[in-house]
Amino acid sequence: MNIKNILIYFSILSLMLACKVDKEQTIDPVASLFSKTTVAAEKEYRFIDSISLKLDVFVPSKRLGESPWMAYTDGNKPTLLYFHGGGWKDGEKESRILEILPYVDKGWVVVTANYRLLKDASLPEIIGDCRTALEWVYEHANQFKMDTTKIFISGNSAGGHLALMTGLLKDDSFYGSDFSSKHKNNIAGIINWYGITDVPLFVENWNNKEILTKNNIPLDTIYNHTSPINFVDGTIPPILTVHGSIDSVVSFKHAEILHQKLDENNVKNKLLKIDNKKHGNFNAEEMTYIYKEIWKFTDEILAKQE
């Protein structure tokens with residue numbers, strides 16, 4: 001779905017909700033987004049192999065009532081960079097817009113980015129796209145009021161894997177100098193929603209594992225350089241994981257392996273095990289609990305920066 005269509009939908013939804021005020025004159029939080037957010041849509045962050053990769057930026061703003069009508073609010077904000085899921089094969093940034101709304105409502109800047117899929121790129125190249133999106137965030141931080149000391153990365157499923165790799169990857173010669181971030185160890189934290197942490201474990205039943213690679217690079221080499229668990233050490237940012245205990249798509253073992261390694265390396269972390277839930281099928285009560293824990297986790301990190 002086109003981002004413009006989604007924005008029109010949420011604008012209409014916001015106006016409708018704004019009209020439904022109860023006796024205490026409380027307005028649904030979704031309605032307030034209409035009046036306090038500007039979206040810079042379809043910004044190209046990379047052009048590669050004839051493919052234009054784009055992202056959307058949600059920026060806290062205020063309505064002026066006259067031209068130029070909207071202005072970004074003062075001060076640089078905590079920022080979330082979010083990657084969609086889809087097994088590296090499917091999906092688009094617009095498909096996970098509901099997941100980023102709590103951060104928008106909290107007054108964060110949120111960036112959602114597309115990346116190449118496996119039909120067009122190998123898994124390391126996809127990770128390279130995501131690293132480039134992170135570089136774009138740093139390079140455009142002043143323009144969009146992003147605080148570069150308060151950048152969090154998140155994603156769901158395959159997007160969780162990409163969030164982890166984007167936040168953990170440092171100097172790895174396998175990726176070349178183009179994928180070595182100029183902003184090492186400057187990620188505030190990673191919010192991993194049921195992400196893949198051990199690539200060979202995830203693809204063990206695939207019949208076409210070769211889709212992950214190209215140029216005759218052995219699969220074992222791909223596995224080694226694309227599995228987040230291989231990049232855990234004592235210098236990495238804090239990580240919070242949300243994972244259903246009976247997830248049959250990305251097994252809970254992925255979360256267990258990752259957080260065992262995080263504990264062994266004394267990395268700040270929290271694992272939210274959602275009992276008897278599968279691949280992201282959390283109900284409203286569980287989502288309320290999850291976001292309460294996310295805010296507690298991120299607030300602790302941000303408080304240490306003060």
# chains A, B, ... in the order shown; residues from 1 in each chain; ligands from 1
>>> select_by_dssp(residues="region 89-259 of chain A", states="helix (DSSP H, G or I)", output="number ranges by chain")
A: 93-105, 123-139, 158-168, 173-175, 177-179, 199-202, 209-212, 219-226, 228-231, 253-259
>>> residues_around(residues="Leu64 (chain A)", least_positions_apart="4", cutoff="12 Å", atoms="only C-alpha atoms", output="ChimeraX atom specification")
/A:35-36,68-73
>>> select_by_dssp(residues="region 159-283 of chain A", states="strand (DSSP E or B)", output="mmCIF file with N, CA and C atoms, in the first residue's frame")
data_model
loop_
_atom_site.group_PDB
_atom_site.id
_atom_site.type_symbol
_atom_site.label_atom_id
_atom_site.label_comp_id
_atom_site.auth_asym_id
_atom_site.auth_seq_id
_atom_site.Cartn_x
_atom_site.Cartn_y
_atom_site.Cartn_z
ATOM 1 N N GLY A 189 19.999 1.384 21.908
ATOM 2 C CA GLY A 189 19.403 0.103 22.238
ATOM 3 C C GLY A 189 18.698 -0.514 21.049
ATOM 4 N N ILE A 190 18.360 -1.786 21.178
ATOM 5 C CA ILE A 190 17.679 -2.537 20.122
ATOM 6 C C ILE A 190 16.425 -3.176 20.713
ATOM 7 N N ILE A 191 15.295 -2.993 20.027
ATOM 8 C CA ILE A 191 14.029 -3.619 20.419
ATOM 9 C C ILE A 191 13.724 -4.691 19.378
ATOM 10 N N ASN A 192 13.907 -5.938 19.760
ATOM 11 C CA ASN A 192 13.820 -7.072 18.841
ATOM 12 C C ASN A 192 12.499 -7.815 19.041
ATOM 13 N N TRP A 193 11.632 -7.733 18.045
ATOM 14 C CA TRP A 193 10.353 -8.455 18.095
ATOM 15 C C TRP A 193 10.511 -9.799 17.368
ATOM 16 N N ILE A 239 19.681 -4.784 24.667
ATOM 17 C CA ILE A 239 18.712 -5.435 23.780
ATOM 18 C C ILE A 239 17.509 -5.914 24.582
ATOM 19 N N LEU A 240 16.324 -5.580 24.093
ATOM 20 C CA LEU A 240 15.077 -6.132 24.627
ATOM 21 C C LEU A 240 14.433 -6.973 23.533
ATOM 22 N N THR A 241 14.014 -8.183 23.893
ATOM 23 C CA THR A 241 13.367 -9.084 22.939
ATOM 24 C C THR A 241 11.956 -9.421 23.403
ATOM 25 N N VAL A 242 11.024 -9.398 22.461
ATOM 26 C CA VAL A 242 9.646 -9.846 22.678
ATOM 27 C C VAL A 242 9.449 -11.108 21.848
ATOM 28 N N HIS A 243 9.018 -12.216 22.478
ATOM 29 C CA HIS A 243 8.917 -13.468 21.716
ATOM 30 C C HIS A 243 7.854 -14.378 22.328
ATOM 31 N N GLY A 244 7.003 -14.933 21.484
ATOM 32 C CA GLY A 244 6.014 -15.901 21.927
ATOM 33 C C GLY A 244 6.649 -17.247 22.225
ATOM 34 N N ASN A 269 20.037 -6.443 29.154
ATOM 35 C CA ASN A 269 19.055 -7.066 28.269
ATOM 36 C C ASN A 269 17.806 -7.448 29.043
ATOM 37 N N LYS A 270 16.743 -7.645 28.304
ATOM 38 C CA LYS A 270 15.488 -8.119 28.896
ATOM 39 C C LYS A 270 14.772 -8.972 27.867
ATOM 40 N N LEU A 271 14.340 -10.150 28.279
ATOM 41 C CA LEU A 271 13.590 -11.057 27.418
ATOM 42 C C LEU A 271 12.151 -11.135 27.916
ATOM 43 N N LEU A 272 11.226 -10.683 27.082
ATOM 44 C CA LEU A 272 9.801 -10.764 27.399
ATOM 45 C C LEU A 272 9.226 -12.007 26.731
ATOM 46 N N LYS A 273 9.103 -13.064 27.500
ATOM 47 C CA LYS A 273 8.524 -14.309 27.007
ATOM 48 C C LYS A 273 7.011 -14.231 27.166
ATOM 49 N N ILE A 274 6.298 -14.277 26.048
ATOM 50 C CA ILE A 274 4.841 -14.197 26.086
ATOM 51 C C ILE A 274 4.302 -15.623 25.994
#
>>> atom_distance(atom1="CA of Tyr45 (chain A)", atom2="CA of Thr298 (chain A)")
26.7 Å
>>> residues_around(residues="Pro237 (chain A)", least_positions_apart="3", cutoff="8 Å", atoms="only C-alpha atoms", output="compact mmCIF listing (two decimals) with N, CA and C atoms, in the first residue's frame")
# COMPACT_ATOMS: atom_id res chain seq x y z
N GLY A 167 22.45 -3.00 14.37
CA GLY A 167 22.96 -2.44 15.61
C GLY A 167 24.23 -3.09 16.13
N LEU A 168 24.48 -4.35 15.74
CA LEU A 168 25.61 -5.09 16.28
C LEU A 168 26.83 -5.08 15.38
N ASN A 185 29.30 1.95 18.06
CA ASN A 185 28.88 1.89 19.46
C ASN A 185 28.04 3.10 19.89
N ILE A 187 24.64 3.29 19.21
CA ILE A 187 23.24 2.90 19.24
C ILE A 187 22.81 2.79 20.70
N ALA A 188 21.69 3.43 21.03
CA ALA A 188 21.25 3.42 22.43
C ALA A 188 20.67 2.08 22.84
N GLY A 189 20.00 1.38 21.91
CA GLY A 189 19.40 0.10 22.24
C GLY A 189 18.70 -0.51 21.05
N ILE A 190 18.36 -1.79 21.18
CA ILE A 190 17.68 -2.54 20.12
C ILE A 190 16.42 -3.18 20.71
N VAL A 267 25.78 -7.88 29.09
CA VAL A 267 25.11 -6.85 28.31
C VAL A 267 23.72 -6.63 28.90
N LYS A 268 23.35 -5.38 29.11
CA LYS A 268 22.00 -5.08 29.61
C LYS A 268 20.98 -5.66 28.64
>>> closest_residue(among="A:Ile127, A:Ala158, A:Ile97, A:Leu118", to="Phe202 (chain A)", atoms="only C-alpha atoms")
A:Ala158
>>> residues_around(residues="region 119-125 of chain A", least_positions_apart="3", cutoff="8 Å", atoms="only C-alpha atoms", output="PyMOL selection string")
chain A and resi 88-89+116+128-129+175+211-214+222+225-226
>>> closest_residue(among="A:Val250, A:Ile48, A:Ile151, A:Val111", to="Phe83 (chain A)", atoms="only C-alpha atoms")
A:Val111
>>> closest_residue(among="A:Thr37, A:Asn230, A:Thr197, A:Asn208", to="Phe252 (chain A)", atoms="only C-alpha atoms")
A:Thr197
>>> closest_residue(among="A:Tyr194, A:Glu256, A:Val59, A:Val203", to="Tyr103 (chain A)", atoms="only C-alpha atoms")
A:Val59
>>> residues_around(residues="region 130-138 of chain A", least_positions_apart="4", cutoff="10 Å", atoms="only C-alpha atoms", output="VMD selection string")
chain A and resid 44 to 46 53 to 55 57 79 to 83 111 to 116 124 to 126 142 to 144 146 to 149 151 153 159 162 to 163 165 to 167 169 178 to 183 187
>>> atom_distance(atom1="CA of Phe297 (chain A)", atom2="CA of Gly195 (chain A)")
18.1 Å
>>> closest_residue(among="A:Ile100, A:Lys62, A:Asn156, A:Ile229", to="His259 (chain A)", atoms="only C-alpha atoms")
A:Ile229
>>> atom_distance(atom1="CA of Pro238 (chain A)", atom2="CA of Leu117 (chain A)")
27.6 Å
>>> closest_residue(among="A:Ile217, A:Val249, A:Leu33, A:Ile236", to="Leu201 (chain A)", atoms="only C-alpha atoms")
A:Val249
>>> decode(residues="region 125-171 of chain A", atoms="N, CA and C atoms", output="PDB file, in the first residue's frame")
ATOM      1  N   GLU A 125      23.841  -8.443   1.484  1.00  0.00           N
ATOM      2  CA  GLU A 125      23.536  -7.190   0.794  1.00  0.00           C
ATOM      3  C   GLU A 125      22.314  -6.504   1.407  1.00  0.00           C
ATOM      4  N   ILE A 126      21.344  -7.303   1.853  1.00  0.00           N
ATOM      5  CA  ILE A 126      20.176  -6.734   2.538  1.00  0.00           C
ATOM      6  C   ILE A 126      20.612  -6.055   3.836  1.00  0.00           C
ATOM      7  N   ILE A 127      21.484  -6.717   4.569  1.00  0.00           N
ATOM      8  CA  ILE A 127      22.019  -6.108   5.791  1.00  0.00           C
ATOM      9  C   ILE A 127      22.748  -4.813   5.449  1.00  0.00           C
ATOM     10  N   GLY A 128      23.459  -4.807   4.333  1.00  0.00           N
ATOM     11  CA  GLY A 128      24.128  -3.590   3.889  1.00  0.00           C
ATOM     12  C   GLY A 128      23.157  -2.456   3.630  1.00  0.00           C
ATOM     13  N   ASP A 129      21.994  -2.780   3.064  1.00  0.00           N
ATOM     14  CA  ASP A 129      20.963  -1.751   2.862  1.00  0.00           C
ATOM     15  C   ASP A 129      20.555  -1.137   4.199  1.00  0.00           C
ATOM     16  N   CYS A 130      20.338  -1.995   5.179  1.00  0.00           N
ATOM     17  CA  CYS A 130      19.879  -1.508   6.484  1.00  0.00           C
ATOM     18  C   CYS A 130      20.944  -0.661   7.168  1.00  0.00           C
ATOM     19  N   ARG A 131      22.202  -1.046   7.012  1.00  0.00           N
ATOM     20  CA  ARG A 131      23.283  -0.223   7.554  1.00  0.00           C
ATOM     21  C   ARG A 131      23.315   1.138   6.868  1.00  0.00           C
ATOM     22  N   THR A 132      23.027   1.152   5.567  1.00  0.00           N
ATOM     23  CA  THR A 132      22.996   2.417   4.836  1.00  0.00           C
ATOM     24  C   THR A 132      21.847   3.294   5.323  1.00  0.00           C
ATOM     25  N   ALA A 133      20.713   2.668   5.651  1.00  0.00           N
ATOM     26  CA  ALA A 133      19.593   3.425   6.218  1.00  0.00           C
ATOM     27  C   ALA A 133      19.998   4.069   7.541  1.00  0.00           C
ATOM     28  N   LEU A 134      20.764   3.346   8.350  1.00  0.00           N
ATOM     29  CA  LEU A 134      21.247   3.910   9.610  1.00  0.00           C
ATOM     30  C   LEU A 134      22.163   5.100   9.349  1.00  0.00           C
ATOM     31  N   GLU A 135      23.051   4.971   8.368  1.00  0.00           N
ATOM     32  CA  GLU A 135      23.927   6.093   8.028  1.00  0.00           C
ATOM     33  C   GLU A 135      23.108   7.304   7.592  1.00  0.00           C
ATOM     34  N   TRP A 136      22.026   7.063   6.855  1.00  0.00           N
ATOM     35  CA  TRP A 136      21.153   8.161   6.419  1.00  0.00           C
ATOM     36  C   TRP A 136      20.580   8.879   7.638  1.00  0.00           C
ATOM     37  N   VAL A 137      20.200   8.117   8.647  1.00  0.00           N
ATOM     38  CA  VAL A 137      19.657   8.718   9.866  1.00  0.00           C
ATOM     39  C   VAL A 137      20.677   9.666  10.487  1.00  0.00           C
ATOM     40  N   TYR A 138      21.916   9.210  10.618  1.00  0.00           N
ATOM     41  CA  TYR A 138      22.948  10.072  11.190  1.00  0.00           C
ATOM     42  C   TYR A 138      23.167  11.319  10.334  1.00  0.00           C
ATOM     43  N   GLU A 139      23.199  11.121   9.029  1.00  0.00           N
ATOM     44  CA  GLU A 139      23.505  12.235   8.132  1.00  0.00           C
ATOM     45  C   GLU A 139      22.392  13.277   8.074  1.00  0.00           C
ATOM     46  N   HIS A 140      21.153  12.874   8.368  1.00  0.00           N
ATOM     47  CA  HIS A 140      20.015  13.791   8.292  1.00  0.00           C
ATOM     48  C   HIS A 140      19.434  14.107   9.671  1.00  0.00           C
ATOM     49  N   ALA A 141      20.209  13.848  10.703  1.00  0.00           N
ATOM     50  CA  ALA A 141      19.711  14.019  12.070  1.00  0.00           C
ATOM     51  C   ALA A 141      19.292  15.454  12.351  1.00  0.00           C
ATOM     52  N   ASN A 142      20.091  16.409  11.958  1.00  0.00           N
ATOM     53  CA  ASN A 142      19.753  17.812  12.239  1.00  0.00           C
ATOM     54  C   ASN A 142      18.490  18.242  11.503  1.00  0.00           C
ATOM     55  N   GLN A 143      18.343  17.791  10.263  1.00  0.00           N
ATOM     56  CA  GLN A 143      17.183  18.177   9.454  1.00  0.00           C
ATOM     57  C   GLN A 143      15.874  17.723  10.083  1.00  0.00           C
ATOM     58  N   PHE A 144      15.875  16.509  10.656  1.00  0.00           N
ATOM     59  CA  PHE A 144      14.636  15.933  11.178  1.00  0.00           C
ATOM     60  C   PHE A 144      14.602  15.848  12.706  1.00  0.00           C
ATOM     61  N   LYS A 145      15.453  16.621  13.365  1.00  0.00           N
ATOM     62  CA  LYS A 145      15.407  16.740  14.831  1.00  0.00           C
ATOM     63  C   LYS A 145      15.656  15.405  15.535  1.00  0.00           C
ATOM     64  N   MET A 146      16.613  14.630  15.029  1.00  0.00           N
ATOM     65  CA  MET A 146      16.937  13.341  15.623  1.00  0.00           C
ATOM     66  C   MET A 146      18.165  13.471  16.518  1.00  0.00           C
ATOM     67  N   ASP A 147      18.074  12.964  17.728  1.00  0.00           N
ATOM     68  CA  ASP A 147      19.193  12.962  18.663  1.00  0.00           C
ATOM     69  C   ASP A 147      20.049  11.727  18.388  1.00  0.00           C
ATOM     70  N   THR A 148      21.258  11.926  17.895  1.00  0.00           N
ATOM     71  CA  THR A 148      22.098  10.795  17.486  1.00  0.00           C
ATOM     72  C   THR A 148      22.654  10.008  18.666  1.00  0.00           C
ATOM     73  N   THR A 149      22.467  10.498  19.872  1.00  0.00           N
ATOM     74  CA  THR A 149      22.872   9.723  21.047  1.00  0.00           C
ATOM     75  C   THR A 149      21.718   8.892  21.591  1.00  0.00           C
ATOM     76  N   LYS A 150      20.550   9.024  20.963  1.00  0.00           N
ATOM     77  CA  LYS A 150      19.349   8.330  21.451  1.00  0.00           C
ATOM     78  C   LYS A 150      18.656   7.584  20.318  1.00  0.00           C
ATOM     79  N   ILE A 151      19.453   6.869  19.534  1.00  0.00           N
ATOM     80  CA  ILE A 151      18.905   6.114  18.411  1.00  0.00           C
ATOM     81  C   ILE A 151      18.681   4.660  18.828  1.00  0.00           C
ATOM     82  N   PHE A 152      17.455   4.204  18.665  1.00  0.00           N
ATOM     83  CA  PHE A 152      17.100   2.808  18.899  1.00  0.00           C
ATOM     84  C   PHE A 152      16.747   2.178  17.552  1.00  0.00           C
ATOM     85  N   ILE A 153      17.003   0.887  17.423  1.00  0.00           N
ATOM     86  CA  ILE A 153      16.686   0.159  16.195  1.00  0.00           C
ATOM     87  C   ILE A 153      15.729  -0.966  16.550  1.00  0.00           C
ATOM     88  N   SER A 154      14.735  -1.186  15.697  1.00  0.00           N
ATOM     89  CA  SER A 154      13.739  -2.215  15.979  1.00  0.00           C
ATOM     90  C   SER A 154      13.255  -2.845  14.684  1.00  0.00           C
ATOM     91  N   GLY A 155      12.555  -3.954  14.834  1.00  0.00           N
ATOM     92  CA  GLY A 155      11.968  -4.642  13.697  1.00  0.00           C
ATOM     93  C   GLY A 155      11.303  -5.913  14.170  1.00  0.00           C
ATOM     94  N   ASN A 156      10.487  -6.502  13.307  1.00  0.00           N
ATOM     95  CA  ASN A 156       9.783  -7.730  13.678  1.00  0.00           C
ATOM     96  C   ASN A 156      10.195  -8.875  12.768  1.00  0.00           C
ATOM     97  N   SER A 157      10.398 -10.055  13.363  1.00  0.00           N
ATOM     98  CA  SER A 157      10.722 -11.267  12.612  1.00  0.00           C
ATOM     99  C   SER A 157      12.027 -11.082  11.827  1.00  0.00           C
ATOM    100  N   ALA A 158      11.981 -11.176  10.493  1.00  0.00           N
ATOM    101  CA  ALA A 158      13.189 -10.913   9.708  1.00  0.00           C
ATOM    102  C   ALA A 158      13.673  -9.489   9.940  1.00  0.00           C
ATOM    103  N   GLY A 159      12.729  -8.574  10.184  1.00  0.00           N
ATOM    104  CA  GLY A 159      13.105  -7.202  10.512  1.00  0.00           C
ATOM    105  C   GLY A 159      13.793  -7.102  11.858  1.00  0.00           C
ATOM    106  N   GLY A 160      13.426  -7.986  12.789  1.00  0.00           N
ATOM    107  CA  GLY A 160      14.131  -8.053  14.062  1.00  0.00           C
ATOM    108  C   GLY A 160      15.567  -8.494  13.855  1.00  0.00           C
ATOM    109  N   HIS A 161      15.758  -9.479  12.980  1.00  0.00           N
ATOM    110  CA  HIS A 161      17.112  -9.914  12.624  1.00  0.00           C
ATOM    111  C   HIS A 161      17.914  -8.762  12.049  1.00  0.00           C
ATOM    112  N   LEU A 162      17.299  -8.004  11.129  1.00  0.00           N
ATOM    113  CA  LEU A 162      18.006  -6.893  10.493  1.00  0.00           C
ATOM    114  C   LEU A 162      18.295  -5.774  11.488  1.00  0.00           C
ATOM    115  N   ALA A 163      17.377  -5.556  12.430  1.00  0.00           N
ATOM    116  CA  ALA A 163      17.632  -4.562  13.475  1.00  0.00           C
ATOM    117  C   ALA A 163      18.839  -4.972  14.317  1.00  0.00           C
ATOM    118  N   LEU A 164      18.893  -6.246  14.678  1.00  0.00           N
ATOM    119  CA  LEU A 164      20.024  -6.744  15.456  1.00  0.00           C
ATOM    120  C   LEU A 164      21.331  -6.602  14.688  1.00  0.00           C
ATOM    121  N   MET A 165      21.343  -7.038  13.440  1.00  0.00           N
ATOM    122  CA  MET A 165      22.572  -6.951  12.652  1.00  0.00           C
ATOM    123  C   MET A 165      22.984  -5.500  12.421  1.00  0.00           C
ATOM    124  N   THR A 166      22.020  -4.639  12.188  1.00  0.00           N
ATOM    125  CA  THR A 166      22.334  -3.227  11.967  1.00  0.00           C
ATOM    126  C   THR A 166      22.944  -2.601  13.211  1.00  0.00           C
ATOM    127  N   GLY A 167      22.453  -2.998  14.371  1.00  0.00           N
ATOM    128  CA  GLY A 167      22.964  -2.436  15.613  1.00  0.00           C
ATOM    129  C   GLY A 167      24.226  -3.090  16.132  1.00  0.00           C
ATOM    130  N   LEU A 168      24.475  -4.345  15.737  1.00  0.00           N
ATOM    131  CA  LEU A 168      25.613  -5.090  16.280  1.00  0.00           C
ATOM    132  C   LEU A 168      26.834  -5.077  15.378  1.00  0.00           C
ATOM    133  N   LEU A 169      26.630  -4.976  14.087  1.00  0.00           N
ATOM    134  CA  LEU A 169      27.737  -5.083  13.136  1.00  0.00           C
ATOM    135  C   LEU A 169      28.689  -3.911  13.284  1.00  0.00           C
ATOM    136  N   LYS A 170      29.955  -4.228  13.450  1.00  0.00           N
ATOM    137  CA  LYS A 170      30.977  -3.186  13.539  1.00  0.00           C
ATOM    138  C   LYS A 170      31.966  -3.392  12.392  1.00  0.00           C
ATOM    139  N   ASP A 171      33.208  -3.595  12.698  1.00  0.00           N
ATOM    140  CA  ASP A 171      34.204  -3.787  11.643  1.00  0.00           C
ATOM    141  C   ASP A 171      34.268  -5.261  11.261  1.00  0.00           C
TER     142      ASP A 171
END
